$ cat coords-v4.tsv   # TSV, C-alpha atoms
chain	number	residue	atom	x	y	z
A	1	ILE	CA	-243.71	-100.56	-168.92
A	2	ARG	CA	-241.74	-103.32	-170.62
A	3	SER	CA	-240.23	-104.37	-167.26
A	4	TRP	CA	-243.67	-104.39	-165.67
A	5	ARG	CA	-245.17	-106.54	-168.45
A	6	GLN	CA	-242.30	-109.01	-168.33
A	7	HIS	CA	-242.38	-109.09	-164.49
A	8	ILE	CA	-238.78	-107.90	-164.24
A	9	LYS	CA	-238.26	-106.54	-160.75
A	10	GLU	CA	-234.78	-105.17	-161.34
A	11	LEU	CA	-236.06	-101.81	-162.58
A	12	SER	CA	-234.10	-99.63	-160.23
A	13	LEU	CA	-234.29	-96.04	-159.18
A	14	SER	CA	-230.95	-95.52	-160.90
A	15	ASN	CA	-232.55	-96.28	-164.29
A	16	LEU	CA	-235.18	-93.63	-163.65
A	17	MET	CA	-232.56	-91.12	-162.53
A	18	VAL	CA	-230.45	-91.77	-165.64
A	19	ALA	CA	-233.47	-90.92	-167.78
A	20	ALA	CA	-233.88	-87.64	-165.88
A	21	MET	CA	-230.18	-86.86	-166.32
A	22	ALA	CA	-230.47	-87.54	-170.05
A	23	ASN	CA	-233.23	-84.92	-170.21
A	24	ALA	CA	-230.96	-82.44	-168.38
A	25	PHE	CA	-228.20	-83.22	-170.89
A	26	ILE	CA	-230.52	-82.55	-173.84
A	27	ILE	CA	-231.66	-79.25	-172.33
A	28	GLY	CA	-228.00	-78.34	-171.77
A	29	ILE	CA	-227.15	-79.05	-175.41
A	30	LEU	CA	-230.11	-76.98	-176.56
A	31	GLY	CA	-228.99	-74.19	-174.21
A	32	LEU	CA	-225.55	-74.24	-175.82
A	33	MET	CA	-227.15	-73.79	-179.21
A	34	LYS	CA	-229.46	-70.96	-178.19
A	35	SER	CA	-230.23	-69.20	-174.90
A	36	ILE	CA	-233.27	-70.50	-173.08
A	37	THR	CA	-235.28	-68.04	-171.01
A	38	VAL	CA	-236.87	-69.51	-167.89
A	39	PRO	CA	-239.59	-67.28	-166.48
A	40	VAL	CA	-239.45	-67.23	-162.69
A	41	ASN	CA	-243.05	-67.00	-161.54
A	42	PRO	CA	-245.26	-68.88	-159.06
A	43	ALA	CA	-245.55	-71.84	-161.46
A	44	TYR	CA	-241.75	-72.14	-161.48
A	45	TYR	CA	-241.64	-72.25	-157.68
A	46	ALA	CA	-244.46	-74.82	-157.62
A	47	LEU	CA	-242.51	-76.97	-160.11
A	48	THR	CA	-239.33	-76.71	-158.04
A	49	PHE	CA	-241.19	-77.63	-154.84
A	50	SER	CA	-242.93	-80.54	-156.59
A	51	MET	CA	-239.68	-81.95	-157.96
A	52	LEU	CA	-237.94	-81.75	-154.58
A	53	THR	CA	-240.92	-83.40	-152.91
A	54	LEU	CA	-241.00	-86.14	-155.54
A	55	PHE	CA	-237.28	-86.89	-155.15
A	56	ALA	CA	-237.58	-87.01	-151.36
A	57	VAL	CA	-240.62	-89.30	-151.46
A	58	MET	CA	-239.12	-91.63	-154.07
A	59	PHE	CA	-235.82	-91.82	-152.20
A	60	ASN	CA	-237.65	-92.62	-148.98
A	61	PHE	CA	-239.76	-95.32	-150.68
A	62	TYR	CA	-236.73	-96.84	-152.38
A	63	LYS	CA	-234.60	-96.75	-149.25
A	64	SER	CA	-237.29	-98.34	-147.08
A	65	ASP	CA	-237.39	-101.81	-148.65
A	66	ARG	CA	-235.99	-101.34	-152.17
A	67	ALA	CA	-239.39	-102.05	-153.68
A	68	PHE	CA	-242.32	-99.88	-154.61
A	69	THR	CA	-245.59	-101.13	-153.16
A	70	ARG	CA	-249.07	-100.53	-154.48
A	71	ARG	CA	-249.66	-97.97	-151.71
A	72	GLU	CA	-246.51	-96.08	-152.69
A	73	GLY	CA	-247.65	-96.17	-156.31
A	74	PHE	CA	-250.93	-94.53	-155.28
A	75	VAL	CA	-248.99	-91.88	-153.35
A	76	LEU	CA	-246.85	-91.11	-156.43
A	77	VAL	CA	-249.91	-90.93	-158.70
A	78	GLY	CA	-251.60	-88.67	-156.14
A	79	LEU	CA	-248.57	-86.37	-156.07
A	80	TYR	CA	-248.66	-86.20	-159.85
A	81	ILE	CA	-252.36	-85.33	-159.86
A	82	ILE	CA	-251.75	-82.55	-157.31
A	83	PHE	CA	-248.85	-81.28	-159.44
A	84	ALA	CA	-250.93	-81.35	-162.65
A	85	LEU	CA	-253.84	-79.51	-161.01
A	86	THR	CA	-251.48	-76.90	-159.58
A	87	GLN	CA	-249.87	-76.29	-162.97
A	88	ALA	CA	-253.28	-76.17	-164.68
A	89	ASN	CA	-254.39	-73.59	-162.12
A	90	PHE	CA	-251.38	-71.40	-163.03
A	91	LEU	CA	-252.17	-71.75	-166.74
A	92	ILE	CA	-255.79	-70.72	-166.20
A	93	ALA	CA	-254.71	-67.73	-164.06
A	94	VAL	CA	-252.50	-66.42	-166.87

$ encode --input "coords-v4.tsv" --output "structure tokens"
Amino acid sequence: IRSWRQHIKELSLSNLMVAAMANAFIIGILGLMKSITVPVNPAYYALTFSMLTLFAVMFNFYKSDRAFTRREGFVLVGLYIIFALTQANFLIAV
């Protein structure tokens, strides 16, 4: 958000990926402290599919012209809305 407000265009995909890796590191540290049980159910598979789709779409957008356009932003927001509705549907079903 700060980069967007200051019109800094150098916000790269690598910065976003580092943030995701930091989250994986934190989960790993927490897993070392105490076992974490991950229930494998349809919501888990939907999450896995959504994450793989998101990575593929973002990589394709970034590789195309190294800039995210407004249209690509709408696609990413749309993917998030589909993901959120899917996860909400699994929560309601439980």

$ closest_residue --input "coords-v4.tsv" --among "A:Ala20, A:Asn60, A:Pro42, A:Leu47" --to "A:Ile82" --atoms "only C-alpha atoms"
A:Leu47

$ atom_distance --input "coords-v4.tsv" --atom1 "atom CA of A:Asn15" --atom2 "atom CA of A:Phe68"
14.2 Å

$ closest_residue --input "coords-v4.tsv" --among "A:Met51, A:Val38, A:Ile29, A:Ala56" --to "A:Tyr80" --atoms "only C-alpha atoms"
A:Met51

$ residues_around --input "coords-v4.tsv" --residues "A:Glu72" --least-positions-apart "3" --cutoff "10 Å" --atoms "all atoms listed in the file" --output "PyMOL selection string"
chain A and resi 57-58+61-62+67-69+75-78

$ atom_distance --input "coords-v4.tsv" --atom1 "atom CA of A:Leu85" --atom2 "atom CA of A:Gly73"
18.4 Å

$ build_atoms --input "coords-v4.tsv" --residues "stretch 74-93 of chain A" --atoms "N, CA and C atoms" --output "compact mmCIF listing (two decimals), in the coordinates of the input"
# COMPACT_ATOMS: atom_id res chain seq x y z
N PHE A 74 -249.79 -95.45 -155.41
CA PHE A 74 -250.93 -94.53 -155.28
C PHE A 74 -250.47 -93.16 -154.78
N VAL A 75 -249.52 -93.15 -153.86
CA VAL A 75 -248.99 -91.88 -153.35
C VAL A 75 -248.33 -91.10 -154.50
N LEU A 76 -247.52 -91.79 -155.31
CA LEU A 76 -246.85 -91.11 -156.43
C LEU A 76 -247.84 -90.59 -157.46
N VAL A 77 -248.87 -91.39 -157.76
CA VAL A 77 -249.91 -90.93 -158.70
C VAL A 77 -250.65 -89.74 -158.10
N GLY A 78 -250.93 -89.80 -156.80
CA GLY A 78 -251.60 -88.67 -156.14
C GLY A 78 -250.76 -87.40 -156.20
N LEU A 79 -249.45 -87.53 -155.97
CA LEU A 79 -248.57 -86.37 -156.07
C LEU A 79 -248.58 -85.80 -157.49
N TYR A 80 -248.62 -86.68 -158.48
CA TYR A 80 -248.66 -86.20 -159.85
C TYR A 80 -249.97 -85.47 -160.14
N ILE A 81 -251.07 -85.98 -159.64
CA ILE A 81 -252.36 -85.33 -159.86
C ILE A 81 -252.37 -83.94 -159.20
N ILE A 82 -251.83 -83.85 -157.99
CA ILE A 82 -251.75 -82.55 -157.31
C ILE A 82 -250.88 -81.60 -158.12
N PHE A 83 -249.74 -82.10 -158.62
CA PHE A 83 -248.85 -81.28 -159.44
C PHE A 83 -249.56 -80.81 -160.70
N ALA A 84 -250.25 -81.71 -161.40
CA ALA A 84 -250.93 -81.35 -162.65
C ALA A 84 -252.03 -80.31 -162.40
N LEU A 85 -252.78 -80.48 -161.33
CA LEU A 85 -253.84 -79.51 -161.01
C LEU A 85 -253.25 -78.15 -160.66
N THR A 86 -252.15 -78.16 -159.94
CA THR A 86 -251.48 -76.90 -159.58
C THR A 86 -250.99 -76.18 -160.84
N GLN A 87 -250.37 -76.91 -161.74
CA GLN A 87 -249.87 -76.29 -162.97
C GLN A 87 -251.03 -75.82 -163.84
N ALA A 88 -252.11 -76.59 -163.90
CA ALA A 88 -253.28 -76.17 -164.68
C ALA A 88 -253.88 -74.90 -164.09
N ASN A 89 -253.87 -74.79 -162.78
CA ASN A 89 -254.39 -73.59 -162.12
C ASN A 89 -253.57 -72.38 -162.52
N PHE A 90 -252.24 -72.53 -162.61
CA PHE A 90 -251.38 -71.40 -163.03
C PHE A 90 -251.63 -71.05 -164.49
N LEU A 91 -251.90 -72.03 -165.33
CA LEU A 91 -252.17 -71.75 -166.74
C LEU A 91 -253.48 -71.00 -166.91
N ILE A 92 -254.48 -71.38 -166.12
CA ILE A 92 -255.79 -70.72 -166.20
C ILE A 92 -255.69 -69.29 -165.69
N ALA A 93 -254.87 -69.08 -164.65
CA ALA A 93 -254.71 -67.73 -164.06
C ALA A 93 -254.03 -66.76 -165.01
